[in-house]
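Here's work_24.pdb, which has PDB, C-alpha atoms:
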```pdb
ATOM      1  CA  MET A   1      13.575  15.028   0.578  1.00  0.00           C
ATOM      2  CA  ALA A   2       9.874  14.412   0.193  1.00  0.00           C
ATOM      3  CA  TYR A   3       8.429  10.925   0.420  1.00  0.00           C
ATOM      4  CA  SER A   4       8.542   9.519  -3.085  1.00  0.00           C
ATOM      5  CA  LYS A   5      10.202   6.116  -2.984  1.00  0.00           C
ATOM      6  CA  SER A   6       9.078   2.572  -2.353  1.00  0.00           C
ATOM      7  CA  GLY A   7      11.520   0.111  -0.880  1.00  0.00           C
ATOM      8  CA  TRP A   8      12.338  -2.900   1.218  1.00  0.00           C
ATOM      9  CA  TYR A   9      13.875  -2.245   4.606  1.00  0.00           C
ATOM     10  CA  LEU A  10      17.373  -3.642   4.231  1.00  0.00           C
ATOM     11  CA  HIS A  11      18.031  -4.527   7.866  1.00  0.00           C
ATOM     12  CA  THR A  12      14.842  -6.576   8.040  1.00  0.00           C
ATOM     13  CA  LEU A  13      15.767  -8.426   4.847  1.00  0.00           C
ATOM     14  CA  MET A  14      19.229  -9.079   6.270  1.00  0.00           C
ATOM     15  CA  ASP A  15      17.638 -10.640   9.361  1.00  0.00           C
ATOM     16  CA  MET A  16      15.786 -12.965   6.988  1.00  0.00           C
ATOM     17  CA  PHE A  17      18.847 -13.781   4.884  1.00  0.00           C
ATOM     18  CA  THR A  18      20.977 -14.453   7.943  1.00  0.00           C
ATOM     19  CA  ASN A  19      18.324 -16.442   9.838  1.00  0.00           C
ATOM     20  CA  VAL A  20      18.279 -14.180  12.879  1.00  0.00           C
ATOM     21  CA  THR A  21      16.078 -15.364  15.733  1.00  0.00           C
ATOM     22  CA  GLU A  22      13.753 -12.542  16.739  1.00  0.00           C
ATOM     23  CA  THR A  23      12.179 -11.911  20.116  1.00  0.00           C
ATOM     24  CA  GLY A  24       8.417 -12.006  19.860  1.00  0.00           C
ATOM     25  CA  THR A  25       6.328 -13.412  17.049  1.00  0.00           C
ATOM     26  CA  PRO A  26       7.332 -14.631  14.561  1.00  0.00           C
ATOM     27  CA  THR A  27      10.793 -15.729  15.589  1.00  0.00           C
ATOM     28  CA  LYS A  28      11.981 -15.665  11.976  1.00  0.00           C
ATOM     29  CA  ILE A  29      11.462 -12.989   9.341  1.00  0.00           C
ATOM     30  CA  THR A  30       9.753 -14.297   6.223  1.00  0.00           C
ATOM     31  CA  LEU A  31       8.277 -12.553   3.222  1.00  0.00           C
ATOM     32  CA  ALA A  32       5.038 -14.500   3.369  1.00  0.00           C
ATOM     33  CA  GLY A  33       3.052 -16.603   5.790  1.00  0.00           C
ATOM     34  CA  ASN A  34       3.177 -14.267   8.765  1.00  0.00           C
ATOM     35  CA  SER A  35       0.215 -12.025   8.053  1.00  0.00           C
ATOM     36  CA  LEU A  36      -1.184 -12.643  11.536  1.00  0.00           C
ATOM     37  CA  ASN A  37       1.812 -10.730  12.874  1.00  0.00           C
ATOM     38  CA  GLU A  38       1.992  -8.051  10.194  1.00  0.00           C
ATOM     39  CA  ASN A  39       0.201  -4.719  10.115  1.00  0.00           C
ATOM     40  CA  LEU A  40      -0.237  -2.225   7.317  1.00  0.00           C
ATOM     41  CA  SER A  41      -0.114   1.433   8.308  1.00  0.00           C
ATOM     42  CA  LEU A  42      -0.659   4.493   6.132  1.00  0.00           C
ATOM     43  CA  VAL A  43       1.829   7.264   5.417  1.00  0.00           C
ATOM     44  CA  SER A  44       1.148  10.955   4.837  1.00  0.00           C
ATOM     45  CA  SER A  45       2.941  13.482   2.649  1.00  0.00           C
ATOM     46  CA  SER A  46       4.867  14.656   5.703  1.00  0.00           C
ATOM     47  CA  ALA A  47       7.189  11.658   5.462  1.00  0.00           C
ATOM     48  CA  ALA A  48      10.609  12.082   3.886  1.00  0.00           C
ATOM     49  CA  ASP A  49      12.651   9.540   1.966  1.00  0.00           C
ATOM     50  CA  TYR A  50      15.330   7.821   4.058  1.00  0.00           C
ATOM     51  CA  ALA A  51      13.932   9.232   7.304  1.00  0.00           C
ATOM     52  CA  ALA A  52      11.728   7.352   9.779  1.00  0.00           C
ATOM     53  CA  PRO A  53       9.250   5.856   9.242  1.00  0.00           C
ATOM     54  CA  VAL A  54      10.467   5.221   5.685  1.00  0.00           C
ATOM     55  CA  ALA A  55      14.176   4.960   6.486  1.00  0.00           C
ATOM     56  CA  VAL A  56      14.657   1.855   4.372  1.00  0.00           C
ATOM     57  CA  GLY A  57      18.409   1.756   4.897  1.00  0.00           C
ATOM     58  CA  ASN A  58      18.309   2.325   8.639  1.00  0.00           C
ATOM     59  CA  ALA A  59      20.125  -0.234  10.787  1.00  0.00           C
ATOM     60  CA  SER A  60      17.207  -0.204  13.202  1.00  0.00           C
ATOM     61  CA  PRO A  61      14.071   0.271  11.102  1.00  0.00           C
ATOM     62  CA  ALA A  62      11.500   0.284  13.887  1.00  0.00           C
ATOM     63  CA  TRP A  63       7.944   1.229  12.983  1.00  0.00           C
ATOM     64  CA  VAL A  64       6.912   4.566  14.481  1.00  0.00           C
ATOM     65  CA  ASN A  65       3.671   6.485  14.203  1.00  0.00           C
ATOM     66  CA  THR A  66       5.384   9.564  12.778  1.00  0.00           C
ATOM     67  CA  ASP A  67       3.707  10.860   9.609  1.00  0.00           C
ATOM     68  CA  GLU A  68       0.962   8.273   9.960  1.00  0.00           C
ATOM     69  CA  VAL A  69      -2.510   8.675   8.459  1.00  0.00           C
ATOM     70  CA  THR A  70      -5.286   7.644  10.827  1.00  0.00           C
ATOM     71  CA  GLY A  71      -8.994   8.345  10.894  1.00  0.00           C
ATOM     72  CA  THR A  72     -12.416   6.868  11.346  1.00  0.00           C
ATOM     73  CA  GLY A  73     -12.198   3.111  10.969  1.00  0.00           C
ATOM     74  CA  TRP A  74      -8.422   3.182  10.895  1.00  0.00           C
ATOM     75  CA  ALA A  75      -6.599   3.417  14.226  1.00  0.00           C
ATOM     76  CA  THR A  76      -2.947   4.162  14.783  1.00  0.00           C
ATOM     77  CA  GLY A  77      -0.807   1.163  13.928  1.00  0.00           C
ATOM     78  CA  GLY A  78      -2.998   0.283  10.988  1.00  0.00           C
ATOM     79  CA  VAL A  79      -4.769  -2.942  10.199  1.00  0.00           C
ATOM     80  CA  ASN A  80      -3.663  -6.532  10.637  1.00  0.00           C
ATOM     81  CA  LEU A  81      -3.108  -8.183   7.261  1.00  0.00           C
ATOM     82  CA  HIS A  82      -4.649 -11.421   8.495  1.00  0.00           C
ATOM     83  CA  ALA A  83      -8.004  -9.634   8.805  1.00  0.00           C
ATOM     84  CA  ALA A  84      -7.695  -6.880   6.202  1.00  0.00           C
ATOM     85  CA  ALA A  85      -9.327  -8.454   3.167  1.00  0.00           C
ATOM     86  CA  ALA A  86     -13.043  -8.274   2.453  1.00  0.00           C
ATOM     87  CA  GLY A  87     -15.127  -9.535   5.331  1.00  0.00           C
ATOM     88  CA  GLY A  88     -12.207  -9.406   7.742  1.00  0.00           C
ATOM     89  CA  THR A  89     -10.335 -12.244   6.103  1.00  0.00           C
ATOM     90  CA  ASP A  90      -6.662 -12.803   5.334  1.00  0.00           C
ATOM     91  CA  VAL A  91      -5.046 -11.062   2.360  1.00  0.00           C
ATOM     92  CA  VAL A  92      -2.958 -14.256   2.019  1.00  0.00           C
ATOM     93  CA  GLU A  93       0.567 -13.151   1.327  1.00  0.00           C
ATOM     94  CA  THR A  94       2.396 -14.812  -1.527  1.00  0.00           C
ATOM     95  CA  CYS A  95       6.076 -15.035  -2.330  1.00  0.00           C
ATOM     96  CA  ALA A  96       7.053 -16.714  -5.558  1.00  0.00           C
ATOM     97  CA  SER A  97      10.221 -17.018  -7.571  1.00  0.00           C
ATOM     98  CA  SER A  98      10.517 -17.024 -11.301  1.00  0.00           C
ATOM     99  CA  ALA A  99      13.335 -18.185 -13.461  1.00  0.00           C
ATOM    100  CA  GLY A 100      13.897 -14.784 -15.049  1.00  0.00           C
ATOM    101  CA  THR A 101      17.009 -15.009 -17.157  1.00  0.00           C
ATOM    102  CA  THR A 102      20.328 -16.779 -16.730  1.00  0.00           C
ATOM    103  CA  SER A 103      21.704 -13.705 -14.989  1.00  0.00           C
ATOM    104  CA  ALA A 104      18.683 -12.437 -13.079  1.00  0.00           C
ATOM    105  CA  GLY A 105      15.935 -14.019 -11.025  1.00  0.00           C
ATOM    106  CA  LEU A 106      12.781 -12.540  -9.593  1.00  0.00           C
ATOM    107  CA  ILE A 107      11.169 -12.853  -6.182  1.00  0.00           C
ATOM    108  CA  THR A 108       7.603 -11.580  -6.297  1.00  0.00           C
ATOM    109  CA  TYR A 109       5.725 -10.518  -3.163  1.00  0.00           C
ATOM    110  CA  GLY A 110       1.986  -9.935  -3.269  1.00  0.00           C
ATOM    111  CA  TRP A 111      -1.382 -10.882  -1.897  1.00  0.00           C
ATOM    112  CA  THR A 112      -4.002 -13.298  -3.151  1.00  0.00           C
ATOM    113  CA  ASN A 113      -6.852 -11.113  -1.856  1.00  0.00           C
ATOM    114  CA  PRO A 114      -7.038  -7.310  -2.039  1.00  0.00           C
ATOM    115  CA  LEU A 115      -6.998  -5.307   1.159  1.00  0.00           C
ATOM    116  CA  SER A 116     -10.494  -3.946   1.748  1.00  0.00           C
ATOM    117  CA  VAL A 117     -11.482  -2.068   4.896  1.00  0.00           C
ATOM    118  CA  THR A 118     -14.979  -0.612   5.149  1.00  0.00           C
ATOM    119  CA  GLY A 119     -16.244   2.393   7.077  1.00  0.00           C
ATOM    120  CA  THR A 120     -13.155   4.555   6.803  1.00  0.00           C
ATOM    121  CA  THR A 121     -12.684   8.292   6.606  1.00  0.00           C
ATOM    122  CA  LEU A 122      -9.063   8.967   5.765  1.00  0.00           C
ATOM    123  CA  THR A 123      -7.281  11.983   4.339  1.00  0.00           C
ATOM    124  CA  GLY A 124      -4.006  12.306   2.482  1.00  0.00           C
ATOM    125  CA  ILE A 125      -2.814   8.765   1.886  1.00  0.00           C
ATOM    126  CA  TYR A 126       0.534   8.821   0.089  1.00  0.00           C
ATOM    127  CA  GLY A 127       1.782   5.339   0.852  1.00  0.00           C
ATOM    128  CA  PHE A 128       1.835   2.461   3.275  1.00  0.00           C
ATOM    129  CA  ILE A 129       4.179   0.404   5.418  1.00  0.00           C
ATOM    130  CA  ILE A 130       4.037  -3.317   6.145  1.00  0.00           C
ATOM    131  CA  TYR A 131       5.700  -4.183   9.443  1.00  0.00           C
ATOM    132  CA  PHE A 132       5.959  -6.935  12.046  1.00  0.00           C
ATOM    133  CA  VAL A 133       3.794  -5.725  14.884  1.00  0.00           C
ATOM    134  CA  ASN A 134       4.638  -8.469  17.404  1.00  0.00           C
ATOM    135  CA  ILE A 135       8.444  -8.520  17.231  1.00  0.00           C
ATOM    136  CA  THR A 136      10.136  -6.687  20.091  1.00  0.00           C
ATOM    137  CA  ALA A 137      13.835  -7.321  19.334  1.00  0.00           C
ATOM    138  CA  SER A 138      16.381  -7.143  17.779  1.00  0.00           C
ATOM    139  CA  VAL A 139      14.314  -4.286  16.402  1.00  0.00           C
ATOM    140  CA  SER A 140      10.947  -3.375  17.882  1.00  0.00           C
ATOM    141  CA  LYS A 141       8.223  -3.689  15.252  1.00  0.00           C
ATOM    142  CA  PRO A 142      10.620  -3.945  12.314  1.00  0.00           C
ATOM    143  CA  CYS A 143       9.375  -2.532   9.023  1.00  0.00           C
ATOM    144  CA  LEU A 144       9.468  -4.782   5.975  1.00  0.00           C
ATOM    145  CA  LEU A 145       8.257  -2.808   2.967  1.00  0.00           C
ATOM    146  CA  THR A 146       6.973   0.641   2.112  1.00  0.00           C
ATOM    147  CA  ILE A 147       5.067   1.403  -1.065  1.00  0.00           C
ATOM    148  CA  TYR A 148       4.640   5.004  -2.219  1.00  0.00           C
ATOM    149  CA  VAL A 149       1.373   5.564  -4.067  1.00  0.00           C
ATOM    150  CA  GLY A 150       1.442   9.338  -4.466  1.00  0.00           C
ATOM    151  CA  THR A 151      -1.470  11.702  -4.990  1.00  0.00           C
ATOM    152  CA  GLY A 152      -2.968  11.899  -1.499  1.00  0.00           C
ATOM    153  CA  TYR A 153      -6.014   9.685  -1.609  1.00  0.00           C
ATOM    154  CA  ASN A 154      -9.045  10.222   0.627  1.00  0.00           C
ATOM    155  CA  THR A 155     -11.994   8.145   1.731  1.00  0.00           C
ATOM    156  CA  VAL A 156     -15.243   9.398   3.229  1.00  0.00           C
ATOM    157  CA  ALA A 157     -17.287   6.868   5.185  1.00  0.00           C
ATOM    158  CA  GLY A 158     -16.151   4.428   2.558  1.00  0.00           C
ATOM    159  CA  THR A 159     -14.022   1.450   1.701  1.00  0.00           C
ATOM    160  CA  PHE A 160     -10.277   1.776   1.501  1.00  0.00           C
ATOM    161  CA  GLY A 161      -8.683  -0.834  -0.699  1.00  0.00           C
ATOM    162  CA  ILE A 162      -5.329  -1.878  -2.080  1.00  0.00           C
ATOM    163  CA  THR A 163      -5.285  -4.319  -4.953  1.00  0.00           C
ATOM    164  CA  PRO A 164      -1.863  -5.623  -5.990  1.00  0.00           C
ATOM    165  CA  SER A 165      -1.240  -5.880  -9.694  1.00  0.00           C
ATOM    166  CA  GLY A 166      -0.918  -9.269 -11.358  1.00  0.00           C
ATOM    167  CA  THR A 167       2.823  -9.085 -10.848  1.00  0.00           C
ATOM    168  CA  GLY A 168       2.548  -8.387  -7.131  1.00  0.00           C
ATOM    169  CA  LEU A 169       3.267  -5.448  -4.885  1.00  0.00           C
ATOM    170  CA  SER A 170       6.997  -5.734  -5.322  1.00  0.00           C
ATOM    171  CA  GLN A 171       9.558  -7.732  -7.216  1.00  0.00           C
ATOM    172  CA  LEU A 172      13.085  -8.245  -6.002  1.00  0.00           C
ATOM    173  CA  THR A 173      15.510  -8.832  -8.835  1.00  0.00           C
ATOM    174  CA  LEU A 174      18.640 -10.764  -8.014  1.00  0.00           C
ATOM    175  CA  THR A 175      21.372 -10.186 -10.544  1.00  0.00           C
ATOM    176  CA  GLN A 176      24.712 -11.890 -10.909  1.00  0.00           C
TER     177      GLN A 176
ATOM    178  CA  MET B   1     -15.944  26.160 -21.571  1.00  0.00           C
ATOM    179  CA  THR B   2     -18.181  23.133 -21.751  1.00  0.00           C
ATOM    180  CA  PRO B   3     -19.384  21.279 -18.650  1.00  0.00           C
ATOM    181  CA  GLU B   4     -17.207  18.362 -19.725  1.00  0.00           C
ATOM    182  CA  GLU B   5     -14.139  20.592 -19.812  1.00  0.00           C
ATOM    183  CA  ARG B   6     -14.953  22.034 -16.388  1.00  0.00           C
ATOM    184  CA  GLU B   7     -15.357  18.528 -14.966  1.00  0.00           C
ATOM    185  CA  ARG B   8     -12.076  17.458 -16.491  1.00  0.00           C
ATOM    186  CA  ILE B   9     -10.257  20.394 -14.897  1.00  0.00           C
ATOM    187  CA  ARG B  10     -11.964  19.778 -11.555  1.00  0.00           C
ATOM    188  CA  SER B  11     -10.890  16.162 -11.653  1.00  0.00           C
ATOM    189  CA  ILE B  12      -7.233  16.836 -12.278  1.00  0.00           C
ATOM    190  CA  GLY B  13      -5.438  16.740  -8.988  1.00  0.00           C
ATOM    191  CA  HIS B  14      -1.904  17.611  -8.159  1.00  0.00           C
ATOM    192  CA  LEU B  15       0.716  14.908  -8.208  1.00  0.00           C
ATOM    193  CA  ARG B  16       4.319  15.195  -7.267  1.00  0.00           C
ATOM    194  CA  GLY B  17       6.916  13.802  -9.616  1.00  0.00           C
ATOM    195  CA  GLY B  18       5.445  15.346 -12.712  1.00  0.00           C
ATOM    196  CA  ARG B  19       2.599  12.895 -13.111  1.00  0.00           C
ATOM    197  CA  THR B  20      -0.905  14.052 -13.807  1.00  0.00           C
ATOM    198  CA  ARG B  21      -4.044  12.684 -12.314  1.00  0.00           C
ATOM    199  CA  ASP B  22      -6.085  12.420 -15.442  1.00  0.00           C
ATOM    200  CA  LYS B  23      -9.318  10.678 -14.605  1.00  0.00           C
ATOM    201  CA  VAL B  24     -11.865   8.947 -16.726  1.00  0.00           C
ATOM    202  CA  ALA B  25     -15.339   9.419 -15.311  1.00  0.00           C
ATOM    203  CA  THR B  26     -18.242   7.041 -15.520  1.00  0.00           C
ATOM    204  CA  VAL B  27     -21.599   7.131 -13.828  1.00  0.00           C
ATOM    205  CA  THR B  28     -22.893   4.145 -11.917  1.00  0.00           C
ATOM    206  CA  ARG B  29     -26.594   3.766 -11.386  1.00  0.00           C
ATOM    207  CA  PRO B  30     -27.702   2.560  -7.944  1.00  0.00           C
ATOM    208  CA  GLU B  31     -28.991  -0.680  -9.337  1.00  0.00           C
ATOM    209  CA  ASP B  32     -25.433  -1.456 -10.387  1.00  0.00           C
ATOM    210  CA  ASP B  33     -24.097  -1.002  -6.880  1.00  0.00           C
ATOM    211  CA  PRO B  34     -26.087  -2.398  -3.925  1.00  0.00           C
ATOM    212  CA  GLY B  35     -24.022  -0.251  -1.580  1.00  0.00           C
ATOM    213  CA  LEU B  36     -25.623   2.937  -2.854  1.00  0.00           C
ATOM    214  CA  ASP B  37     -28.752   4.440  -1.381  1.00  0.00           C
ATOM    215  CA  ALA B  38     -31.864   4.177  -3.503  1.00  0.00           C
ATOM    216  CA  GLY B  39     -32.194   7.074  -5.859  1.00  0.00           C
ATOM    217  CA  LYS B  40     -28.536   8.065  -5.560  1.00  0.00           C
ATOM    218  CA  ARG B  41     -25.904   8.023  -8.214  1.00  0.00           C
ATOM    219  CA  ALA B  42     -22.200   7.537  -7.955  1.00  0.00           C
ATOM    220  CA  LYS B  43     -19.324   8.669 -10.079  1.00  0.00           C
ATOM    221  CA  GLN B  44     -16.527   6.202 -10.530  1.00  0.00           C
ATOM    222  CA  THR B  45     -13.212   7.502 -11.783  1.00  0.00           C
ATOM    223  CA  THR B  46      -9.920   5.861 -12.537  1.00  0.00           C
ATOM    224  CA  ASP B  47      -6.766   7.936 -12.419  1.00  0.00           C
ATOM    225  CA  GLN B  48      -3.596   7.377 -14.421  1.00  0.00           C
ATOM    226  CA  LEU B  49      -2.181   5.175 -11.696  1.00  0.00           C
ATOM    227  CA  GLY B  50      -5.185   2.886 -11.919  1.00  0.00           C
ATOM    228  CA  THR B  51      -6.689   3.923  -8.593  1.00  0.00           C
ATOM    229  CA  VAL B  52     -10.466   3.684  -8.628  1.00  0.00           C
ATOM    230  CA  ILE B  53     -12.372   6.394  -6.734  1.00  0.00           C
ATOM    231  CA  THR B  54     -16.101   5.993  -6.269  1.00  0.00           C
ATOM    232  CA  GLU B  55     -18.007   9.054  -5.088  1.00  0.00           C
ATOM    233  CA  SER B  56     -21.623   9.317  -4.015  1.00  0.00           C
ATOM    234  CA  ASP B  57     -23.414  11.921  -1.920  1.00  0.00           C
ATOM    235  CA  HIS B  58     -22.173  10.733   1.448  1.00  0.00           C
ATOM    236  CA  ARG B  59     -19.393   8.351   0.653  1.00  0.00           C
ATOM    237  CA  GLN B  60     -16.081   8.017  -1.139  1.00  0.00           C
ATOM    238  CA  ASP B  61     -14.322   4.715  -1.693  1.00  0.00           C
ATOM    239  CA  VAL B  62     -10.730   4.398  -2.863  1.00  0.00           C
ATOM    240  CA  ASN B  63      -9.126   1.304  -4.305  1.00  0.00           C
ATOM    241  CA  ILE B  64      -5.427   1.816  -4.907  1.00  0.00           C
ATOM    242  CA  ARG B  65      -3.842  -0.408  -7.525  1.00  0.00           C
ATOM    243  CA  PRO B  66      -0.139   0.306  -7.158  1.00  0.00           C
ATOM    244  CA  PRO B  67       2.096  -0.682 -10.023  1.00  0.00           C
ATOM    245  CA  THR B  68       4.591  -3.363  -9.061  1.00  0.00           C
ATOM    246  CA  HIS B  69       7.597  -1.920  -7.301  1.00  0.00           C
ATOM    247  CA  HIS B  70      10.936  -3.217  -8.566  1.00  0.00           C
ATOM    248  CA  GLN B  71      14.114  -3.387  -6.537  1.00  0.00           C
ATOM    249  CA  GLU B  72      17.375  -4.989  -7.492  1.00  0.00           C
ATOM    250  CA  ILE B  73      19.850  -6.846  -5.354  1.00  0.00           C
ATOM    251  CA  GLY B  74      23.222  -7.218  -6.976  1.00  0.00           C
ATOM    252  CA  PHE B  75      25.916  -9.724  -6.115  1.00  0.00           C
ATOM    253  CA  ASN B  76      29.448  -8.848  -7.105  1.00  0.00           C
ATOM    254  CA  GLN B  77      31.554 -11.834  -7.934  1.00  0.00           C
TER     255      GLN B  77
END
```
Let me see the structure of the file written as C-alpha cells.
Amino acid sequence: MAYSKSGWYLHTLMDMFTNVTETGTPTKITLAGNSLNENLSLVSSSAADYAAPVAVGNASPAWVNTDEVTGTGWATGGVNLHAAAAGGTDVVETCASSAGTTSAGLITYGWTNPLSVTGTTLTGIYGFIIYFVNITASVSKPCLLTIYVGTGYNTVAGTFGITPSGTGLSQLTLTQ
Amino acid sequence: MTPEERERIRSIGHLRGGRTRDKVATVTRPEDDPGLDAGKRAKQTTDQLGTVITESDHRQDVNIRPPTHHQEIGFNQ
C-alpha cells in the first residue's frame, strides 16, 4: 500500500501516556518542549503505509533511513527541530488543548515558527517524520508523528519550508 | 492553444489520491524579493494544497503548508 497516510506512532504515544522512563534524552516522551532532541526527516514515495519507516502501529517504531529523501543541504537523519526555523532557530513546538464539546476534546500540536532550511536540493518529498533522535531504549530513535504531504515536492539550491496551518500540524481528538 | 493554456497544462502535476495540482501563477519582480539576482524574475505558484513554489533561473524554493491532520482516540466506557 503506497504511502498516503499521516499518523501518530501509537507505541510512542503509549510511552507518554504511561510515563515510561526512556534511556537517552529526553527521559520522558512529551509532545512539545523537546525540540532539541527531535529531528525531522523526509520521506519519499517509496514508503508504504503501515511499513517502516511509517509503521505507525508498530510496537517498536524505530526511525530508520529507509525511503528517506536526502540531498544537498539535507543529510540523512534530517534536521534538528531546535535549529530548523529561519536563521537556525527553534521552531518552538506547541501543544495546546481546547474544550471542544462535552463529548470530545482536542489536543493540537504545532510550531510557533515555520521550518525553513536554506541551500537545499531535494527531490521527491512526499512527507516527513518527527522522531526522538537521542533516545536509545526502549525503542531506538522512536518516531512520534508522520505527515503525508503528497505530490513529490522538489527544491533546487533553495529553501525548503514547512509552515503549519493556524490549527497546527495535527489535532488529536479524544472522544468519550 | 494559448500560451496561458500551455502553461496551465505544464503546471499540473500528478497527485495520488485523485487530487489535482492546480496552480495559480504569479510573477515576482526582483525588487520584490532580495534573494533574487538582479535582472532575474521568479514565478511563484501555489498549488491546491497551499504549497508555495518559487522558481527562478537557478533556484526553486518550496514551502509546504500541510492541512491539519486529524486523528481520533476513542475511549469505550
_Non-local contacts of Val156 (chain A) (7 Å; all atoms listed in the file; under 6 positions in same chain excluded) as a list of chain:residue names_ =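 The neighbour list is A:Thr120, A:Thr121, A:Leu122, B:Arg59, B:Gln60, B:Asp61.
Each of A:Asn134, A:Thr118, A:Asn34, A:Ser44 was compared to chain B using all atoms listed in the file, and A:Thr118 turns out to be the nearest.
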*Can you check which residues of chain B have any atom within 6 Å of chain A? Use all atoms listed in the file and format it as a PyMOL selection string.*
chain B and resi 15+59-65+68-75
_Who sits within 7 Å of Leu42 (chain A), only C-alpha atoms, same chain under 6 positions skipped, as a count of residues only_ = 7
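Interatomic distance, CA of Gly88 (chain A) against CA of Val64 (chain A): 24.6 Å.
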*So what does the PyMOL selection byres ((chain A and resi 138) around 10) actually pick up in this one, as a PyMOL selection string?*
chain A and resi 12+15+20-24+60+62+135-137+139-142
Using all atoms of region 23-37 of chain A that appear in the file, construct an axis-aligned enclosing box with 4 Å of padding on every side and provide its centre coordinates and edge lengths in Å, rounded to one decimal, as lines of an AutoDock Vina configuration file.
```
center_x = 5.5
center_y = -13.7
center_z = 11.7
size_x = 21.4
size_y = 13.9
size_z = 24.9
```
*asked:* For a test of reading the model, state the distance in Å between CA of Ala84 (chain A) and CA of Val43 (chain A), rounded to one decimal.
replied: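 These atoms are spaced 17.1 Å apart.
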*asked:* Can you spell out as a ChimeraX atom specification the set of residues that the PyMOL selection byres ((chain A and resi 31) around 8) selects in the structure I just provided?
replied: /A:29-30,32-34,93-95,109
Selected residues, C-alpha atoms, written as a CSV table (one decimal), keeping the file's coordinate frame, please.
```csv
chain,number,residue,atom,x,y,z
A,29,ILE,CA,11.5,-13.0,9.3
A,30,THR,CA,9.8,-14.3,6.2
A,32,ALA,CA,5.0,-14.5,3.4
A,33,GLY,CA,3.1,-16.6,5.8
A,34,ASN,CA,3.2,-14.3,8.8
A,93,GLU,CA,0.6,-13.2,1.3
A,94,THR,CA,2.4,-14.8,-1.5
A,95,CYS,CA,6.1,-15.0,-2.3
A,109,TYR,CA,5.7,-10.5,-3.2
```
*CA of Val56 (chain A) and CA of Thr112 (chain A) are how many Å apart?*
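Distance reported for this atom pair: 25.2 Å.
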_Translate the PyMOL selection byres ((chain A and resi 81) around 10) into a concrete residue list for this structure, as a list in words._
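For this structure, the PyMOL selection byres ((chain A and resi 81) around 10) captures Asn34, Ser35, Leu36, Asn37, Glu38, Asn39, Leu40, Gly78, Val79, Asn80, His82, Ala83, Ala84, Ala85, Gly88, Thr89, Asp90, Val91, Val92, Glu93, Trp111, Leu115, Ile130 and Tyr131 of chain A.
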